Protein chains: 2
Amino acid sequence: MYAYLAEEFATELINVRSDTELDGALKQVSRRLGFDHFALSLEMRSTSCEAPGLLLHDYPDEWAKVYIAFDLAGQDPVRRACDKTIIGFAWDWIDELVPLTRGDRQMLNVGRECGIGNGYTVPRHLPGIGRGTCTFAVRPERELPRRRFAVAEMVGTLALSCALGLSSEKFDEKVPSLTDRQRECLLWVARGKTAAETAMILEISTETVIQHLKMARERYQVHCKQSLVVAALFDGLIGFADIIRWRDAG
Amino acid sequence: MYAYLAEEFATELINVRSDTELDGALKQVSRRLGFDHFALSLEMRSTSCEAPGLLLHDYPDEWAKVYIAFDLAGQDPVRRACDKTIIGFAWDWIDELVPLTRGDRQMLNVGRECGIGNGYTVPRHLPGIGRGTCTFAVRPERELPRRRFAVAEMVGTLALSCALGLSSEKFDEKVPSLTDRQRECLLWVARGKTAAETAMILEISTETVIQHLKMARERYQVHCKQSLVVAALFDGLIGFADIIRWRDAG
DNA sequence: AACCCCATCCCCAGTTCTTGGTATGTCTGT
DNA sequence: ACAGACATACCAAGAACTGGGGATGGGGTT
């Protein structure tokens with residue numbers, strides 16, 4: 001069993017403070033797991049130029065060049081498959097997840113010509129924040145070490161979590177706190193209720209609900225509902241899970 | 001090492017065809033891992049009333065009743081924490097992920113009184129499709145088996161993946177898509193701008209902005225700004241990074 | 001006792017949103 | 001050429017929100 005590798009890796013990551021260190025740790029662990037290459041990509045949801053994410057890999061230069069030059073990311077079946085599953089998958093299972101076009105197969109072939117054979121990709125998503133993948137691949141002539149997928153899954157998860165931590169360290173602010181009642185009102189607003197409806201649900205006056213929301217906005221220094229909801233979501237004061245479920249019940 | 005449990009569990013899940021079978025398998029594996037209880041919840045991102053998700057657990061009846069009766073889900077810090085991480089977490093780390101209010105702590109206490117002490121929760125997200133958590137918990141007087149978190153993580157992932165497979169067999173829904181202009185308007189609204197301000201920024205008429213937002217709401221079948229923003233955020237149509245930067249610049 | 005925070009309630013004036021329409025021009029695919 | 005999707009623009013009525021006041025009582029702390 002290689003499970004100890006995951007634990008060792010976890011311990012190692014605690015001390016990781018930079019992208020470079022993470023890169024080194026990943027390279028080492030991927031070899032010990034029996035893979036030839038690794039690639040970790042993290043995309044923070046951002047259309048603006050800053051903090052676009054992170055890309056660490058030790059793929060052959062050739063492949064990296066082709067991939068970037070032709071913007072193959074836009075038509076990468078592996079990426080599409082990542083949007084369909086919460087668990088890692090070997091590339092030879094992709095056609096169970098997404099339909100493969102001729103172009104897709106061709107792309108996989110080009111990969112093989114560049115030295116990337118089969119692979120195992122671990123996808124992870126964090127709504128509103130970003131998404132990432134961690135791939136472990138072997139050369140074309142080699143078989144995937146299937147017995148170690150479970151450990152690879154764990155190692156990938158750890159690496160992505162670490163990468164996410166490194167990327168979000170940059171945004172560090174004080175979190176305003178709300179009173180329980182304020183949060184409660186905010187929650188119902190986020191669920192799409194009006195102040196009047198919220199008042200009925202909480203069995204208090206509409207004015208009081210408005211007042212709570214007023215105070216909450218003040219604390220967050222925003223001027224409108226939607227910004228308040230966004231801020232509270234971002235800070236983890238309320239969660240998507242609290243909200244989404246209520247969309248139909250509304 | 002208990003890693004073989006994950007492999008056995010994986011093999012077992014291949015043959016699982018119903019919620020009941022998954023429930024049984026989870027109950028068994030959670031005991032073998034050294035936990036007293038498990039809970040798996042899956043929330044599909046569904047606007048229709050059917051297939052709201054899945055809830056399997058063997059929590060004490062008392063706790064389940066209290067939880068549902070008082071809609072504690074709306075103030076459950078564990079659920080909020082799930083939106084902040086891609087890797088599992090023990091409940092005594094929650095305050096590192098999200099701010100805990102007095103109500104939150106009280107809720108955890110009520111849980112303890114009902115027989116739920118500490119726990120380890122594995123969150124997984126699939127943008128546009130849904131989200132799920134798999135929790136393994138122990139009774140108040142017991143310690144969490146920390147050495148088995150890695151296996152629990154893997155088992156939880158497998159279970160959630162299986163649950164997702166079972167649930168998505170029942171229905172598939174397309175994620176509503178917005179036009180470029182609609183998304184652009186939505187983005188400015190999420191940034192806290194009014195329709196009039198957005199109009200000035202985009203150099204179009206206020207009425208047009210309102211119209212775009214009208215159409216966007218229609219597609220998402222919501223009735224207000226805040227719900228639209230939440231839905232778009234959840235589906236990954238817009239991201240926090242697109243918004244937060246503008247909090248002060250506004 | 002004085003003070004602060006919280007929750008509750010109230011008023012008001014002005015602004016913004018939501019919902020229901022209609023209408024024109026462009027572009028794209030068939 | 002025509003249907004359909006898209007972006008644009010406008011109107012009007014009623015509901016909802018926002019920001020500015022103020023007021024009361026309960027629970028804590030110092």
# chains A, B, ... in the order shown; residues from 1 in each chain; ligands from 1
$ closest_atom_pairs --of "chain A" --to "chain C" --cutoff "10 Å" --atoms "only C-alpha atoms (C1' of nucleotides)" --output "CSV"
residue,atom,partner,partner_atom,distance
A:Thr179,CA,C:DC6,C1',8.1
A:Asp180,CA,C:DC6,C1',9.8
A:Arg181,CA,C:DA7,C1',8.0
A:Gln182,CA,C:DA7,C1',9.9
A:Ile204,CA,C:DT8,C1',8.1
A:Ser205,CA,C:DC9,C1',7.2
A:Thr206,CA,C:DC9,C1',9.2
A:Glu207,CA,C:DC9,C1',6.9
A:Thr208,CA,C:DT8,C1',6.4
A:Val209,CA,C:DT8,C1',9.6
A:Gln211,CA,C:DT8,C1',9.5
A:His212,CA,C:DA7,C1',8.9
$ write_last_selection --atoms "C-alpha atoms" --output "mmCIF file, in the first residue's frame"
data_model
loop_
_atom_site.group_PDB
_atom_site.id
_atom_site.type_symbol
_atom_site.label_atom_id
_atom_site.label_comp_id
_atom_site.auth_asym_id
_atom_site.auth_seq_id
_atom_site.Cartn_x
_atom_site.Cartn_y
_atom_site.Cartn_z
ATOM 1 C CA THR A 179 -25.568 39.717 14.840
ATOM 2 C CA ASP A 180 -27.634 36.554 14.666
ATOM 3 C CA ARG A 181 -30.747 38.445 13.756
ATOM 4 C CA GLN A 182 -29.009 40.410 11.055
ATOM 5 C CA ILE A 204 -41.419 40.402 13.420
ATOM 6 C CA SER A 205 -42.316 43.727 11.877
ATOM 7 C CA THR A 206 -41.252 44.647 8.376
ATOM 8 C CA GLU A 207 -39.587 47.741 9.772
ATOM 9 C CA THR A 208 -37.422 45.638 12.009
ATOM 10 C CA VAL A 209 -36.246 43.515 9.125
ATOM 11 C CA GLN A 211 -33.563 47.942 10.209
ATOM 12 C CA HIS A 212 -31.493 44.770 10.556
#
$ calpha_fit_rmsd --fixed "chain A" --moving "chain B"
6.0 Å
$ interface_residues --of "chain D" --to "chain B" --cutoff "8 Å" --atoms "only C-alpha atoms (C1' of nucleotides)" --output "JSON list (two decimals) with C-alpha atoms (C1' of nucleotides), in the first residue's frame"
[["chain", "number", "residue", "atom", "x", "y", "z"],
["D", 6, "DC", "C1'", -30.07, 39.20, -29.73],
["D", 7, "DA", "C1'", -29.45, 44.09, -28.45],
["D", 8, "DT", "C1'", -31.47, 48.17, -28.26],
["D", 9, "DA", "C1'", -35.10, 51.58, -26.61],
["D", 10, "DC", "C1'", -39.48, 53.22, -24.45]]
$ closest_atom_pairs --of "chain B" --to "chain A" --cutoff "7 Å" --atoms "only C-alpha atoms" --output "JSON lines"
{"residue": "B:Ala3", "atom": "CA", "partner": "A:Ala3", "partner_atom": "CA", "distance": 6.4}
{"residue": "B:Arg45", "atom": "CA", "partner": "A:Ile244", "partner_atom": "CA", "distance": 6.8}
{"residue": "B:Thr47", "atom": "CA", "partner": "A:Asp248", "partner_atom": "CA", "distance": 5.5}
{"residue": "B:Ser48", "atom": "CA", "partner": "A:Asp248", "partner_atom": "CA", "distance": 6.5}
{"residue": "B:Cys49", "atom": "CA", "partner": "A:Asp248", "partner_atom": "CA", "distance": 6.3}
{"residue": "B:Ala73", "atom": "CA", "partner": "A:Asp242", "partner_atom": "CA", "distance": 6.7}
{"residue": "B:Gly74", "atom": "CA", "partner": "A:Asp242", "partner_atom": "CA", "distance": 5.2}
{"residue": "B:Arg79", "atom": "CA", "partner": "A:Ala241", "partner_atom": "CA", "distance": 6.5}
{"residue": "B:Arg80", "atom": "CA", "partner": "A:Gly239", "partner_atom": "CA", "distance": 4.6}
{"residue": "B:Ala81", "atom": "CA", "partner": "A:Gly236", "partner_atom": "CA", "distance": 6.9}
{"residue": "B:Asp83", "atom": "CA", "partner": "A:Gly239", "partner_atom": "CA", "distance": 6.1}
{"residue": "B:Lys84", "atom": "CA", "partner": "A:Gly236", "partner_atom": "CA", "distance": 6.9}
{"residue": "B:Thr85", "atom": "CA", "partner": "A:Leu126", "partner_atom": "CA", "distance": 6.9}
{"residue": "B:Ile86", "atom": "CA", "partner": "A:Ser161", "partner_atom": "CA", "distance": 6.2}
{"residue": "B:Ile87", "atom": "CA", "partner": "A:Ser161", "partner_atom": "CA", "distance": 6.4}
{"residue": "B:Val98", "atom": "CA", "partner": "A:Gly236", "partner_atom": "CA", "distance": 5.4}
{"residue": "B:Pro99", "atom": "CA", "partner": "A:Leu237", "partner_atom": "CA", "distance": 6.8}
{"residue": "B:Thr101", "atom": "CA", "partner": "A:Asp180", "partner_atom": "CA", "distance": 7.0}
{"residue": "B:Gly103", "atom": "CA", "partner": "A:Asp180", "partner_atom": "CA", "distance": 6.5}
{"residue": "B:Arg124", "atom": "CA", "partner": "A:Ile86", "partner_atom": "CA", "distance": 6.4}
{"residue": "B:His125", "atom": "CA", "partner": "A:His125", "partner_atom": "CA", "distance": 5.5}
{"residue": "B:Leu126", "atom": "CA", "partner": "A:Ile86", "partner_atom": "CA", "distance": 6.4}
{"residue": "B:Pro127", "atom": "CA", "partner": "A:Pro127", "partner_atom": "CA", "distance": 6.4}
{"residue": "B:Ala150", "atom": "CA", "partner": "A:Met154", "partner_atom": "CA", "distance": 6.9}
{"residue": "B:Met154", "atom": "CA", "partner": "A:Ala150", "partner_atom": "CA", "distance": 6.9}
{"residue": "B:Thr157", "atom": "CA", "partner": "A:Ile87", "partner_atom": "CA", "distance": 6.5}
{"residue": "B:Ser161", "atom": "CA", "partner": "A:Ile86", "partner_atom": "CA", "distance": 6.2}
{"residue": "B:Ala190", "atom": "CA", "partner": "A:Gln226", "partner_atom": "CA", "distance": 6.1}
{"residue": "B:Arg191", "atom": "CA", "partner": "A:Ser227", "partner_atom": "CA", "distance": 6.4}
{"residue": "B:Gly192", "atom": "CA", "partner": "A:Ser227", "partner_atom": "CA", "distance": 5.2}
{"residue": "B:Cys224", "atom": "CA", "partner": "A:Gly192", "partner_atom": "CA", "distance": 6.4}
{"residue": "B:Lys225", "atom": "CA", "partner": "A:Gln226", "partner_atom": "CA", "distance": 6.6}
{"residue": "B:Gln226", "atom": "CA", "partner": "A:Gln226", "partner_atom": "CA", "distance": 4.7}
{"residue": "B:Ser227", "atom": "CA", "partner": "A:Gly192", "partner_atom": "CA", "distance": 5.3}
{"residue": "B:Leu233", "atom": "CA", "partner": "A:Gly128", "partner_atom": "CA", "distance": 5.3}
{"residue": "B:Phe234", "atom": "CA", "partner": "A:Pro127", "partner_atom": "CA", "distance": 5.4}
{"residue": "B:Gly236", "atom": "CA", "partner": "A:Gly128", "partner_atom": "CA", "distance": 6.0}
{"residue": "B:Gly239", "atom": "CA", "partner": "A:Gly128", "partner_atom": "CA", "distance": 4.7}
{"residue": "B:Phe240", "atom": "CA", "partner": "A:Gly128", "partner_atom": "CA", "distance": 5.4}
{"residue": "B:Ala241", "atom": "CA", "partner": "A:Ser46", "partner_atom": "CA", "distance": 4.9}
{"residue": "B:Asp242", "atom": "CA", "partner": "A:Ser46", "partner_atom": "CA", "distance": 5.2}
$ atom_distance --atom1 "atom CA of Asp19 of chain A" --atom2 "atom CA of Val78 of chain A"
23.6 Å
$ residues_around --residues "Asn15 of chain B" --least-positions-apart "5" --cutoff "12 Å" --atoms "only C-alpha atoms (C1' of nucleotides)" --output "VMD selection string"
chain B and resid 8 to 10 21 to 22 25 162 166
$ residues_around --residues "Leu26 of chain A" --least-positions-apart "6" --cutoff "10 Å" --atoms "only C-alpha atoms (C1' of nucleotides)" --output "mmCIF file with C-alpha atoms, in the first residue's frame"
data_model
loop_
_atom_site.group_PDB
_atom_site.id
_atom_site.type_symbol
_atom_site.label_atom_id
_atom_site.label_comp_id
_atom_site.auth_asym_id
_atom_site.auth_seq_id
_atom_site.Cartn_x
_atom_site.Cartn_y
_atom_site.Cartn_z
ATOM 1 C CA PHE A 9 2.679 14.534 1.512
ATOM 2 C CA LEU A 13 2.465 20.593 2.582
ATOM 3 C CA THR A 20 7.921 26.583 -6.103
ATOM 4 C CA ARG A 32 6.952 7.835 -5.984
ATOM 5 C CA HIS A 37 4.366 13.609 -15.057
ATOM 6 C CA PHE A 38 2.061 15.814 -13.065
ATOM 7 C CA ALA A 39 0.110 18.988 -13.796
ATOM 8 C CA LEU A 40 -1.741 21.166 -11.376
ATOM 9 C CA LEU A 56 2.474 23.912 -12.193
ATOM 10 C CA HIS A 57 3.561 20.993 -14.328
ATOM 11 C CA ASP A 58 6.461 18.983 -15.590
ATOM 12 C CA CYS A 134 -4.453 17.867 -10.541
ATOM 13 C CA PHE A 136 -0.898 12.481 -12.884
ATOM 14 C CA VAL A 155 -2.571 13.667 -2.987
ATOM 15 C CA GLY A 156 -4.271 15.689 -5.702
ATOM 16 C CA ALA A 159 -2.155 19.733 -3.474
#
$ select_by_dssp --residues "segment 72-228 of chain A" --states "strand (DSSP E)" --output "JSON, numbers by chain"
{"A": [89, 90, 119, 120, 121, 122, 123, 124, 125, 126, 130, 131, 132, 133, 134, 135, 136, 137]}
$ residues_around --residues "segment 107-112 of chain B" --least-positions-apart "6" --cutoff "12 Å" --atoms "only C-alpha atoms (C1' of nucleotides)" --output "ChimeraX atom specification"
/B:59-67,70-78,91-92,94,100-101,118-119,137-142
$ write_last_selection --atoms "C-alpha atoms" --output "mmCIF file, in the first residue's frame"
data_model
loop_
_atom_site.group_PDB
_atom_site.id
_atom_site.type_symbol
_atom_site.label_atom_id
_atom_site.label_comp_id
_atom_site.auth_asym_id
_atom_site.auth_seq_id
_atom_site.Cartn_x
_atom_site.Cartn_y
_atom_site.Cartn_z
ATOM 1 C CA TYR B 59 -27.968 10.352 13.206
ATOM 2 C CA PRO B 60 -30.022 9.996 16.371
ATOM 3 C CA ASP B 61 -33.710 10.603 15.689
ATOM 4 C CA GLU B 62 -33.743 13.368 18.219
ATOM 5 C CA TRP B 63 -31.148 15.398 16.374
ATOM 6 C CA ALA B 64 -32.711 14.854 12.984
ATOM 7 C CA LYS B 65 -36.041 16.039 14.304
ATOM 8 C CA VAL B 66 -34.654 19.157 15.932
ATOM 9 C CA TYR B 67 -32.577 19.931 12.881
ATOM 10 C CA PHE B 70 -36.101 24.412 13.457
ATOM 11 C CA ASP B 71 -34.623 24.707 10.010
ATOM 12 C CA LEU B 72 -31.205 24.651 11.573
ATOM 13 C CA ALA B 73 -29.762 24.064 8.159
ATOM 14 C CA GLY B 74 -30.060 27.773 7.606
ATOM 15 C CA GLN B 75 -27.596 28.447 10.390
ATOM 16 C CA ASP B 76 -25.402 25.397 10.223
ATOM 17 C CA PRO B 77 -21.758 26.491 10.327
ATOM 18 C CA VAL B 78 -20.666 23.129 8.912
ATOM 19 C CA TRP B 91 -15.495 20.299 13.046
ATOM 20 C CA ASP B 92 -13.037 21.674 15.549
ATOM 21 C CA ILE B 94 -14.443 25.188 11.475
ATOM 22 C CA LEU B 100 -18.671 31.400 14.251
ATOM 23 C CA THR B 101 -21.561 33.324 15.740
ATOM 24 C CA ASN B 118 -17.169 15.875 16.719
ATOM 25 C CA GLY B 119 -17.179 15.077 13.042
ATOM 26 C CA ALA B 137 -19.208 11.748 13.249
ATOM 27 C CA VAL B 138 -18.539 10.365 16.682
ATOM 28 C CA ARG B 139 -20.434 10.529 19.950
ATOM 29 C CA PRO B 140 -19.625 13.405 22.316
ATOM 30 C CA GLU B 141 -17.417 11.373 24.638
ATOM 31 C CA ARG B 142 -15.288 9.954 21.840
#
$ atom_distance --atom1 "atom CA of Ala216 of chain B" --atom2 "atom CA of Leu186 of chain B"
8.0 Å
$ atom_distance --atom1 "atom C1' of DC2 of chain D" --atom2 "atom CA of Glu218 of chain B"
26.7 Å
$ select_by_dssp --residues "segment 26-164 of chain A" --states "alpha helix (DSSP H)" --output "mmCIF file with C-alpha atoms, in the first residue's frame"
data_model
loop_
_atom_site.group_PDB
_atom_site.id
_atom_site.type_symbol
_atom_site.label_atom_id
_atom_site.label_comp_id
_atom_site.auth_asym_id
_atom_site.auth_seq_id
_atom_site.Cartn_x
_atom_site.Cartn_y
_atom_site.Cartn_z
ATOM 1 C CA LEU A 26 4.348 17.368 -6.334
ATOM 2 C CA LYS A 27 7.097 16.303 -8.683
ATOM 3 C CA GLN A 28 8.591 14.074 -6.057
ATOM 4 C CA VAL A 29 5.356 12.477 -4.925
ATOM 5 C CA SER A 30 4.159 11.840 -8.468
ATOM 6 C CA ARG A 31 7.313 9.828 -9.157
ATOM 7 C CA ARG A 32 6.952 7.835 -5.984
ATOM 8 C CA ASP A 61 8.130 21.289 -23.216
ATOM 9 C CA GLU A 62 6.856 20.301 -26.592
ATOM 10 C CA TRP A 63 3.397 19.495 -25.320
ATOM 11 C CA ALA A 64 3.181 22.582 -23.179
ATOM 12 C CA LYS A 65 4.068 24.741 -26.163
ATOM 13 C CA VAL A 66 1.555 23.139 -28.482
ATOM 14 C CA TYR A 67 -1.108 23.269 -25.815
ATOM 15 C CA ILE A 68 -0.699 26.941 -25.128
ATOM 16 C CA ALA A 69 0.000 27.975 -28.689
ATOM 17 C CA PRO A 77 -11.964 16.878 -23.352
ATOM 18 C CA VAL A 78 -10.230 16.369 -20.016
ATOM 19 C CA ARG A 79 -11.348 19.796 -18.931
ATOM 20 C CA ARG A 80 -14.895 19.181 -20.065
ATOM 21 C CA ALA A 81 -14.918 15.920 -18.176
ATOM 22 C CA CYS A 82 -13.836 17.786 -15.062
ATOM 23 C CA ILE A 94 -13.469 10.080 -20.452
ATOM 24 C CA ASP A 95 -15.907 8.925 -23.087
ATOM 25 C CA GLU A 96 -18.191 7.778 -20.304
ATOM 26 C CA LEU A 97 -18.314 11.300 -18.983
ATOM 27 C CA ARG A 102 -12.995 13.569 -33.661
ATOM 28 C CA GLY A 103 -11.060 16.659 -32.661
ATOM 29 C CA ASP A 104 -10.895 15.436 -29.086
ATOM 30 C CA ARG A 105 -9.380 12.117 -30.088
ATOM 31 C CA GLN A 106 -6.953 13.857 -32.321
ATOM 32 C CA MET A 107 -5.900 16.045 -29.454
ATOM 33 C CA LEU A 108 -5.264 13.043 -27.234
ATOM 34 C CA ASN A 109 -3.177 11.591 -30.041
ATOM 35 C CA VAL A 110 -1.080 14.710 -30.315
ATOM 36 C CA GLY A 111 -0.545 14.417 -26.585
ATOM 37 C CA ARG A 112 0.737 10.891 -27.001
ATOM 38 C CA GLU A 113 3.120 12.011 -29.703
ATOM 39 C CA PHE A 149 -5.609 5.984 -7.890
ATOM 40 C CA ALA A 150 -7.008 6.347 -4.395
ATOM 41 C CA VAL A 151 -3.755 7.744 -3.084
ATOM 42 C CA ALA A 152 -3.415 9.938 -6.159
ATOM 43 C CA GLU A 153 -6.883 11.253 -5.474
ATOM 44 C CA MET A 154 -5.888 12.182 -1.957
ATOM 45 C CA VAL A 155 -2.571 13.667 -2.987
ATOM 46 C CA GLY A 156 -4.271 15.689 -5.702
ATOM 47 C CA THR A 157 -6.850 16.979 -3.268
ATOM 48 C CA LEU A 158 -4.193 17.992 -0.798
ATOM 49 C CA ALA A 159 -2.155 19.733 -3.474
ATOM 50 C CA LEU A 160 -5.142 21.646 -4.777
ATOM 51 C CA SER A 161 -6.174 22.657 -1.306
ATOM 52 C CA CYS A 162 -2.676 23.903 -0.681
ATOM 53 C CA ALA A 163 -2.590 25.783 -3.988
ATOM 54 C CA LEU A 164 -5.924 27.361 -3.172
#
$ decode --residues "chain C" --atoms "C-alpha atoms (C1' of nucleotides)" --output "CSV table (one decimal), in the first residue's frame"
chain,number,residue,atom,x,y,z
C,1,DA,C1',-25.8,53.8,37.8
C,2,DA,C1',-24.2,54.9,33.4
C,3,DC,C1',-23.1,52.8,29.2
C,4,DC,C1',-23.2,49.9,25.2
C,5,DC,C1',-25.1,46.5,22.3
C,6,DC,C1',-29.0,44.2,20.6
C,7,DA,C1',-33.8,43.6,19.1
C,8,DT,C1',-37.8,45.7,18.4
C,9,DC,C1',-41.0,49.2,16.4
C,10,DC,C1',-42.3,53.6,13.8
C,11,DC,C1',-42.2,57.6,10.1
C,12,DC,C1',-41.0,59.7,5.6
C,13,DA,C1',-39.2,61.3,1.2
C,14,DG,C1',-37.0,59.9,-2.6
C,15,DT,C1',-35.0,56.3,-5.5
C,16,DT,C1',-35.0,52.0,-7.5
C,17,DC,C1',-36.8,47.7,-8.9
C,18,DT,C1',-40.3,44.6,-11.0
C,19,DT,C1',-43.7,43.4,-14.2
C,20,DG,C1',-46.5,44.1,-17.9
C,21,DG,C1',-46.4,45.7,-22.4
C,22,DT,C1',-44.5,47.4,-27.5
C,23,DA,C1',-41.1,48.2,-31.1
C,24,DT,C1',-36.9,48.5,-34.2
C,25,DG,C1',-32.7,46.9,-36.3
C,26,DT,C1',-28.9,43.4,-36.8
C,27,DC,C1',-27.2,39.0,-37.4
C,28,DT,C1',-27.2,34.0,-38.2
C,29,DG,C1',-28.7,29.8,-39.8
C,30,DT,C1',-31.9,27.2,-42.9
